[in-house]
file query-v2.txt (compact mmCIF, C-alpha atoms)
# COMPACT_ATOMS: atom_id res chain seq x y z
CA MET F 3 82.39 -100.63 -64.77
CA ALA F 4 82.84 -97.57 -62.58
CA PHE F 5 86.02 -95.51 -62.40
CA GLU F 6 86.86 -92.78 -59.89
CA TYR F 7 89.28 -89.86 -60.19
CA PRO F 8 90.39 -88.59 -56.75
CA THR F 9 91.81 -85.08 -56.79
CA ASP F 10 95.07 -86.28 -55.25
CA GLN F 11 95.65 -88.76 -58.10
CA VAL F 12 94.68 -86.82 -61.24
CA GLN F 13 96.87 -83.76 -61.57
CA LYS F 14 96.52 -80.98 -64.16
CA TYR F 15 98.88 -82.58 -66.70
CA PHE F 16 97.69 -86.13 -66.22
CA VAL F 17 99.44 -87.76 -69.22
CA ALA F 18 103.06 -88.25 -68.19
CA GLY F 19 103.14 -84.63 -66.97
CA ASP F 20 103.13 -83.49 -70.59
CA VAL F 21 101.27 -80.27 -71.36
CA ALA F 22 100.32 -80.85 -75.00
CA MET F 23 99.54 -84.56 -74.74
CA SER F 24 97.35 -83.97 -71.70
CA HIS F 25 95.31 -81.44 -73.69
CA VAL F 26 95.09 -83.81 -76.68
CA VAL F 27 93.86 -86.71 -74.53
CA ALA F 28 91.41 -84.43 -72.70
CA MET F 29 89.91 -83.31 -76.01
CA LEU F 30 89.69 -86.89 -77.28
CA SER F 31 87.89 -87.86 -74.09
CA ALA F 32 85.56 -84.89 -74.55
CA MET F 33 84.68 -86.12 -78.05
CA PHE F 34 83.93 -89.68 -76.96
CA PRO F 35 80.57 -89.51 -75.12
CA ASN F 36 78.46 -87.88 -77.83
CA GLY F 37 80.53 -89.59 -80.51
CA GLU F 38 79.64 -92.96 -78.95
CA ASP F 39 75.97 -91.91 -78.82
CA PHE F 40 76.15 -91.08 -82.54
CA PHE F 41 77.65 -94.51 -83.26
CA VAL F 42 74.80 -96.17 -81.38
CA ARG F 43 72.12 -94.19 -83.21
CA SER F 44 73.73 -94.85 -86.59
CA VAL F 45 73.97 -98.61 -86.11
CA ARG F 46 70.63 -98.96 -84.33
CA SER F 47 68.81 -97.26 -87.21
CA TRP F 48 69.75 -100.26 -89.41
CA ARG F 49 69.01 -102.99 -86.89
CA ASP F 50 65.76 -104.12 -88.54
CA ASP F 51 67.51 -104.34 -91.94
CA ILE F 52 70.22 -106.77 -90.80
CA THR F 53 69.71 -110.22 -92.28
CA ASP F 54 72.41 -112.07 -90.32
CA ALA F 55 71.34 -113.31 -86.85
CA HIS F 56 74.90 -113.40 -85.50
CA LEU F 57 75.47 -109.81 -86.62
CA ARG F 58 72.25 -108.73 -84.86
CA ASP F 59 73.67 -110.25 -81.66
CA GLN F 60 76.92 -108.36 -82.21
CA VAL F 61 74.96 -105.13 -82.64
CA ARG F 62 73.35 -105.61 -79.23
CA GLY F 63 76.78 -106.02 -77.66
CA PHE F 64 78.11 -103.02 -79.60
CA ILE F 65 75.31 -100.79 -78.34
CA GLY F 66 75.87 -101.86 -74.74
CA GLN F 67 79.62 -101.32 -74.88
CA GLU F 68 79.40 -97.92 -76.55
CA ALA F 69 76.81 -96.71 -74.04
CA MET F 70 79.14 -97.68 -71.18
CA HIS F 71 82.10 -95.95 -72.80
CA GLY F 72 80.15 -92.72 -73.11
CA ARG F 73 79.04 -92.86 -69.49
CA GLU F 74 82.54 -93.46 -68.11
CA HIS F 75 84.17 -90.78 -70.25
CA ARG F 76 81.58 -88.26 -69.06
CA GLU F 77 82.77 -88.98 -65.53
CA LEU F 78 86.39 -88.32 -66.53
CA ASN F 79 85.33 -85.22 -68.45
CA ASP F 80 83.66 -83.83 -65.33
CA ARG F 81 86.95 -84.23 -63.44
CA LEU F 82 88.92 -82.65 -66.29
CA ALA F 83 86.48 -79.72 -66.44
CA ALA F 84 87.06 -79.11 -62.74
CA MET F 85 90.77 -78.79 -63.54
CA GLY F 86 90.13 -76.19 -66.23
CA TYR F 87 89.86 -78.21 -69.45
CA PRO F 88 86.95 -77.14 -71.70
CA THR F 89 85.60 -80.69 -71.92
CA LYS F 90 81.94 -79.85 -71.30
CA GLY F 91 81.91 -77.22 -74.03
CA VAL F 92 83.50 -79.66 -76.45
CA GLU F 93 80.92 -82.31 -75.55
CA LYS F 94 78.15 -79.87 -76.52
CA LEU F 95 79.94 -78.85 -79.72
CA VAL F 96 80.40 -82.46 -80.80
CA ASP F 97 76.75 -83.25 -80.07
CA ARG F 98 75.47 -80.30 -82.13
CA SER F 99 77.86 -81.07 -85.00
CA LEU F 100 76.96 -84.75 -85.21
CA ARG F 101 73.21 -84.13 -84.96
CA PHE F 102 73.51 -81.60 -87.78
CA ARG F 103 75.30 -84.20 -89.92
CA GLU F 104 72.60 -86.75 -89.14
CA ARG F 105 69.93 -84.38 -90.41
CA ILE F 106 71.61 -83.50 -93.69
CA GLN F 107 73.33 -86.67 -94.89
CA GLY F 108 70.97 -89.60 -94.29
CA ARG F 109 71.35 -92.83 -92.37
CA ARG F 110 73.50 -94.66 -94.97
CA ALA F 111 76.14 -91.92 -94.83
CA ASN F 112 75.86 -91.79 -91.02
CA LEU F 113 76.62 -95.50 -90.87
CA ALA F 114 79.59 -95.02 -93.23
CA VAL F 115 80.92 -92.26 -90.95
CA THR F 116 80.53 -94.55 -87.95
CA ALA F 117 82.45 -97.35 -89.68
CA ALA F 118 85.23 -94.89 -90.56
CA LEU F 119 85.50 -93.51 -87.03
CA GLU F 120 85.47 -97.02 -85.60
CA HIS F 121 88.55 -97.69 -87.73
CA TYR F 122 90.24 -94.70 -86.10
CA THR F 123 89.33 -95.80 -82.59
CA ALA F 124 90.40 -99.40 -83.26
CA THR F 125 93.74 -98.27 -84.67
CA LEU F 126 94.46 -96.04 -81.66
CA ALA F 127 93.15 -98.72 -79.29
CA GLU F 128 95.38 -101.46 -80.66
CA THR F 129 98.35 -99.08 -80.62
CA LEU F 130 97.74 -98.55 -76.91
CA LEU F 131 97.32 -102.26 -76.23
CA SER F 132 100.40 -103.31 -78.21
CA ASN F 133 102.85 -100.48 -77.51
CA GLU F 134 104.46 -100.28 -74.07
CA GLU F 135 105.60 -96.70 -74.67
CA ALA F 136 102.01 -95.67 -75.40
CA ARG F 137 100.76 -97.28 -72.20
CA ALA F 138 103.55 -95.68 -70.15
CA MET F 139 102.23 -92.25 -71.08
CA PHE F 140 99.10 -92.99 -69.03
CA ASP F 141 100.84 -92.94 -65.67
CA VAL F 142 97.72 -92.22 -63.60
CA PRO F 143 96.44 -95.74 -62.79
CA GLU F 144 92.72 -94.93 -62.96
CA VAL F 145 93.04 -93.08 -66.26
CA ARG F 146 95.18 -95.88 -67.68
CA SER F 147 92.60 -98.46 -66.59
CA LEU F 148 89.80 -96.49 -68.26
CA PHE F 149 91.64 -96.25 -71.56
CA LEU F 150 92.81 -99.88 -71.51
CA TRP F 151 89.25 -101.10 -70.89
CA HIS F 152 87.92 -98.80 -73.61
CA ALA F 153 90.67 -99.91 -76.00
CA LEU F 154 89.98 -103.60 -75.41
CA GLU F 155 86.30 -103.23 -76.21
CA GLU F 156 86.95 -101.04 -79.24
CA SER F 157 89.16 -103.78 -80.64
CA GLU F 158 86.55 -106.43 -79.80
CA HIS F 159 83.81 -104.72 -81.80
CA LYS F 160 85.88 -102.92 -84.44
CA ALA F 161 84.15 -104.67 -87.36
CA VAL F 162 80.51 -104.39 -86.22
CA ALA F 163 79.58 -101.05 -87.82
CA PHE F 164 81.54 -102.02 -90.95
CA ASP F 165 79.74 -105.35 -91.20
CA VAL F 166 76.34 -103.69 -90.74
CA TYR F 167 77.25 -101.30 -93.54
CA ARG F 168 78.19 -104.20 -95.83
CA ASN F 169 75.28 -106.42 -94.77
CA THR F 170 72.74 -103.71 -95.56
CA GLY F 171 74.12 -102.98 -99.02
CA GLY F 172 76.60 -100.18 -98.42
CA GLY F 173 78.94 -99.55 -101.35
CA GLU F 174 82.67 -99.00 -101.65
CA ARG F 175 82.48 -95.50 -103.15
CA LEU F 176 80.48 -94.00 -100.28
CA ARG F 177 82.57 -95.89 -97.73
CA ARG F 178 85.82 -94.37 -98.99
CA LEU F 179 84.29 -90.92 -99.53
CA MET F 180 83.01 -90.77 -95.95
CA MET F 181 86.39 -91.92 -94.66
CA ASN F 182 88.17 -89.08 -96.45
CA VAL F 183 85.65 -86.48 -95.33
CA THR F 184 85.72 -87.83 -91.78
CA THR F 185 89.52 -87.78 -91.68
CA ALA F 186 89.61 -84.10 -92.60
CA LEU F 187 86.87 -83.15 -90.12
CA PHE F 188 88.25 -85.29 -87.30
CA LEU F 189 91.76 -83.85 -87.59
CA LEU F 190 90.36 -80.32 -87.85
CA ALA F 191 88.23 -80.87 -84.75
CA LEU F 192 91.07 -82.39 -82.72
CA VAL F 193 93.61 -79.71 -83.66
CA GLY F 194 91.08 -76.92 -83.21
CA THR F 195 89.78 -78.01 -79.81
CA THR F 196 93.28 -78.79 -78.54
CA THR F 197 94.48 -75.34 -79.62
CA VAL F 198 91.58 -73.65 -77.83
CA SER F 199 92.15 -75.81 -74.75
CA ILE F 200 95.83 -74.82 -74.59
CA LEU F 201 95.07 -71.14 -75.18
CA LYS F 202 92.63 -71.21 -72.26
CA ASP F 203 95.24 -72.77 -69.97
CA PRO F 204 96.95 -70.01 -67.92
CA THR F 205 99.69 -72.35 -66.72
CA ALA F 206 100.66 -73.25 -70.28
CA ARG F 207 100.68 -69.58 -71.30
CA ARG F 208 102.98 -68.68 -68.43
CA HIS F 209 105.56 -71.29 -69.49
CA PRO F 210 105.97 -70.86 -73.27
CA VAL F 211 109.28 -72.73 -73.47
CA ARG F 212 107.83 -75.80 -71.75
CA LEU F 213 104.80 -75.62 -74.01
CA ALA F 214 106.92 -75.32 -77.16
CA ARG F 215 108.98 -78.36 -76.20
CA SER F 216 105.83 -80.30 -75.43
CA LEU F 217 104.25 -79.43 -78.79
CA ALA F 218 107.44 -80.42 -80.60
CA GLY F 219 107.40 -83.73 -78.75
CA LEU F 220 104.03 -84.67 -80.23
CA ARG F 221 105.86 -85.73 -83.39
CA ARG F 222 107.50 -88.53 -81.39
CA SER F 223 104.24 -89.85 -79.97
CA PRO F 224 103.64 -93.58 -80.57
CA PHE F 225 100.18 -92.60 -81.81
CA VAL F 226 101.46 -90.61 -84.81
CA THR F 227 103.95 -93.02 -86.33
CA GLY F 228 104.16 -94.02 -89.96
CA ASP F 229 102.70 -97.44 -89.10
CA VAL F 230 99.62 -95.82 -87.56
CA ALA F 231 99.17 -93.54 -90.58
CA ARG F 232 99.50 -96.47 -93.01
CA ARG F 233 96.92 -98.46 -91.09
CA ILE F 234 94.48 -95.53 -91.17
CA ARG F 235 94.99 -95.15 -94.93
CA ASP F 236 94.48 -98.87 -95.46
CA TYR F 237 90.75 -98.30 -94.94
CA ASN F 238 90.61 -96.89 -98.48
CA ARG F 239 92.00 -100.08 -100.01
CA PRO F 240 89.45 -101.89 -102.22
CA GLY F 241 88.15 -104.93 -100.40
CA PHE F 242 89.37 -103.73 -97.00
CA HIS F 243 87.90 -105.30 -93.86
CA PRO F 244 88.78 -104.35 -90.24
CA ASP F 245 89.71 -107.94 -89.44
CA ASP F 246 92.50 -107.76 -92.04
CA HIS F 247 94.43 -106.37 -89.06
CA ASP F 248 94.16 -109.46 -86.88
CA ALA F 249 94.13 -108.57 -83.20
CA ALA F 250 92.66 -111.81 -81.81
CA GLU F 251 95.74 -112.67 -79.74
CA LEU F 252 96.03 -109.10 -78.49
CA VAL F 253 92.39 -109.08 -77.41
CA GLU F 254 92.72 -112.43 -75.62
CA ARG F 255 95.84 -111.26 -73.82
CA TRP F 256 94.22 -108.08 -72.52
CA ARG F 257 90.92 -109.74 -71.76
CA SER F 258 92.86 -112.06 -69.45
CA GLU F 259 95.03 -109.29 -67.98
CA LEU F 260 92.07 -107.04 -67.24
CA PHE F 261 89.25 -109.50 -66.56
CA GLY F 262 90.78 -112.93 -65.98
CA THR F 263 90.80 -114.69 -62.61
CA ASP F 264 93.47 -112.33 -61.32
CA GLY F 265 92.69 -109.51 -63.74
CA SER F 266 93.36 -105.96 -62.64
CA LEU F 267 89.77 -104.88 -63.35
CA THR F 268 87.88 -108.04 -62.45
CA SER F 269 86.76 -106.55 -59.15
CA ARG F 270 85.16 -103.64 -61.05
CA LEU F 271 82.71 -105.90 -62.86
CA LYS F 272 79.16 -105.56 -61.65
CA THR F 273 76.52 -108.25 -61.95
CA ALA F 274 72.77 -107.77 -61.97

call {"tool": "encode", "arguments": {"input": "query-v2.txt", "output": "structure tokens"}}
result
Amino acid sequence: MAFEYPTDQVQKYFVAGDVAMSHVVAMLSAMFPNGEDFFVRSVRSWRDDITDAHLRDQVRGFIGQEAMHGREHRELNDRLAAMGYPTKGVEKLVDRSLRFRERIQGRRANLAVTAALEHYTATLAETLLSNEEARAMFDVPEVRSLFLWHALEESEHKAVAFDVYRNTGGGERLRRLMMNVTTALFLLALVGTTTVSILKDPTARRHPVRLARSLAGLRRSPFVTGDVARRIRDYNRPGFHPDDHDAAELVERWRSELFGTDGSLTSRLKTA
């Protein structure tokens, strides 16, 4: 896959012209590359401990997909940085933070964090794939294509890190603990970086009324509904598994729409 972001197509407020949502999405994109690298390191560190051959195959696919996601989001982040978003600084901050966590908490906890964050990405991904209003927000075709492709693959491999955690003896107590810690840190990071990004935006500062309306509108986003919150919380249910939220039909639909015979992204596929 290879996406391009011409200057005449990606304007400053590239998510439906909305100030706040554009900053939120920019900060999420900034978190992805080094977050994906962390996921890969966390899962790969357990590869030799996996006893199930099929799961080992899934891990290889997971690593390949996550590496591609990181690469493509770095390209978008470069374009966003050129427009004034602090994406490169956030990339560095995320990398330092995650490497610090790796050093102090051990590989079992790192894997539990990865499984928790994969639940977040899968929930947001399947919201995008299933909700027309959510997709309509991404009105720049190239940006929409990037996020749809990323969302499809996140849904495809949403259970891999979780299954590695279970297969290698991970327990319920640590799984839920890391989810709760990760939720607090993720929300703090997203709110904090978005706030800094908006404060550094001279256009937003010059139009406080527009900014205030945009911030108020975040409450109506399809990504912050009660259904999304309940699905996130469901991770803490005893016996939870990511496939309890069956997305097989959704995945097949979007695999066909994006990569079928007449798929919108089929021409982007590269073969060795």

call {"tool": "atom_distance", "arguments": {"input": "query-v2.txt", "atom1": "atom CA of F:Val226", "atom2": "atom CA of F:Val193"}}
result
13.5 Å

call {"tool": "atom_distance", "arguments": {"input": "query-v2.txt", "atom1": "atom CA of F:Ala84", "atom2": "atom CA of F:Leu187"}}
result
27.7 Å

call {"tool": "closest_atom_pairs", "arguments": {"input": "query-v2.txt", "of": "stretch 108-227 of chain F", "to": "stretch 70-76 of chain F", "cutoff": "12 Å", "atoms": "only C-alpha atoms", "output": "Markdown table"}}
result
| residue | atom | partner | partner_atom | distance |
| --- | --- | --- | --- | --- |
| F:Glu144 | CA | F:Glu74 | CA | 11.5 |
| F:Val145 | CA | F:His75 | CA | 10.0 |
| F:Ser147 | CA | F:Glu74 | CA | 11.3 |
| F:Leu148 | CA | F:Glu74 | CA | 7.9 |
| F:Phe149 | CA | F:His75 | CA | 9.4 |
| F:Leu150 | CA | F:His71 | CA | 11.5 |
| F:Trp151 | CA | F:His71 | CA | 9.0 |
| F:His152 | CA | F:His71 | CA | 6.5 |
| F:Ala153 | CA | F:His71 | CA | 10.0 |
| F:Leu154 | CA | F:His71 | CA | 11.3 |
| F:Glu155 | CA | F:His71 | CA | 9.1 |
| F:Glu156 | CA | F:His71 | CA | 9.5 |

call {"tool": "closest_atom_pairs", "arguments": {"input": "query-v2.txt", "of": "stretch 129-205 of chain F", "to": "stretch 230-236 of chain F", "cutoff": "10 Å", "atoms": "all atoms listed in the file", "output": "Markdown table"}}
result
| residue | atom | partner | partner_atom | distance |
| --- | --- | --- | --- | --- |
| F:Thr129 | CA | F:Val230 | CA | 7.8 |
| F:Met181 | CA | F:Arg235 | CA | 9.2 |
| F:Asn182 | CA | F:Arg235 | CA | 9.3 |
| F:Thr185 | CA | F:Ile234 | CA | 9.2 |

call {"tool": "residues_around", "arguments": {"input": "query-v2.txt", "residues": "F:Leu271", "least_positions_apart": "3", "cutoff": "10 Å", "atoms": "only C-alpha atoms", "output": "PDB file with C-alpha atoms, in the coordinates of the input"}}
result
ATOM      1  CA  MET F   3      82.390-100.630 -64.770  1.00  0.00           C
ATOM      2  CA  ALA F   4      82.840 -97.570 -62.580  1.00  0.00           C
ATOM      3  CA  PHE F 261      89.250-109.500 -66.560  1.00  0.00           C
ATOM      4  CA  LEU F 267      89.770-104.880 -63.350  1.00  0.00           C
ATOM      5  CA  THR F 268      87.880-108.040 -62.450  1.00  0.00           C
TER       6      THR F 268
END

call {"tool": "closest_residue", "arguments": {"input": "query-v2.txt", "among": "F:Arg222, F:Lys90, F:Arg168, F:Arg105", "to": "F:Ser199", "atoms": "all atoms listed in the file"}}
result
F:Lys90

call {"tool": "closest_atom_pairs", "arguments": {"input": "query-v2.txt", "of": "stretch 111-206 of chain F", "to": "stretch 14-27 of chain F", "cutoff": "6 Å", "atoms": "only C-alpha atoms", "output": "CSV"}}
result
residue,atom,partner,partner_atom,distance
F:Met139,CA,F:Ala18,CA,5.0
F:Phe140,CA,F:Val17,CA,5.2
F:Asp141,CA,F:Ala18,CA,5.8
F:Thr196,CA,F:Val26,CA,5.7

call {"tool": "atom_distance", "arguments": {"input": "query-v2.txt", "atom1": "atom CA of F:Gly219", "atom2": "atom CA of F:Ala124"}}
result
23.6 Å

call {"tool": "residues_near_point", "arguments": {"input": "query-v2.txt", "point": "(91.2, -81.6, -54.9)", "cutoff": "12 Å", "atoms": "all atoms listed in the file", "output": "list in words"}}
result
Tyr7, Pro8, Thr9, Asp10, Gln11, Val12, Gln13, Lys14, Arg81, Leu82, Ala84 and Met85 of chain F

call {"tool": "write_last_selection", "arguments": {"input": "query-v2.txt", "atoms": "C-alpha atoms", "output": "compact mmCIF listing (two decimals), keeping the file's coordinate frame"}}
result
# COMPACT_ATOMS: atom_id res chain seq x y z
CA TYR F 7 89.28 -89.86 -60.19
CA PRO F 8 90.39 -88.59 -56.75
CA THR F 9 91.81 -85.08 -56.79
CA ASP F 10 95.07 -86.28 -55.25
CA GLN F 11 95.65 -88.76 -58.10
CA VAL F 12 94.68 -86.82 -61.24
CA GLN F 13 96.87 -83.76 -61.57
CA LYS F 14 96.52 -80.98 -64.16
CA ARG F 81 86.95 -84.23 -63.44
CA LEU F 82 88.92 -82.65 -66.29
CA ALA F 84 87.06 -79.11 -62.74
CA MET F 85 90.77 -78.79 -63.54

call {"tool": "residues_around", "arguments": {"input": "query-v2.txt", "residues": "stretch 61-68 of chain F", "least_positions_apart": "2", "cutoff": "7 Å", "atoms": "only C-alpha atoms", "output": "list in words"}}
result
Glu38, Val42, Leu57, Arg58, Asp59, Met70, His71, Gly72, His159 and Val162 of chain F

call {"tool": "closest_residue", "arguments": {"input": "query-v2.txt", "among": "F:Gly37, F:Gly108, F:Ala32, F:Arg146", "to": "F:Asp80", "atoms": "only C-alpha atoms"}}
result
F:Ala32

call {"tool": "closest_residue", "arguments": {"input": "query-v2.txt", "among": "F:Ser99, F:Gln60, F:Thr53, F:Ser132", "to": "F:Met33", "atoms": "only C-alpha atoms"}}
result
F:Ser99
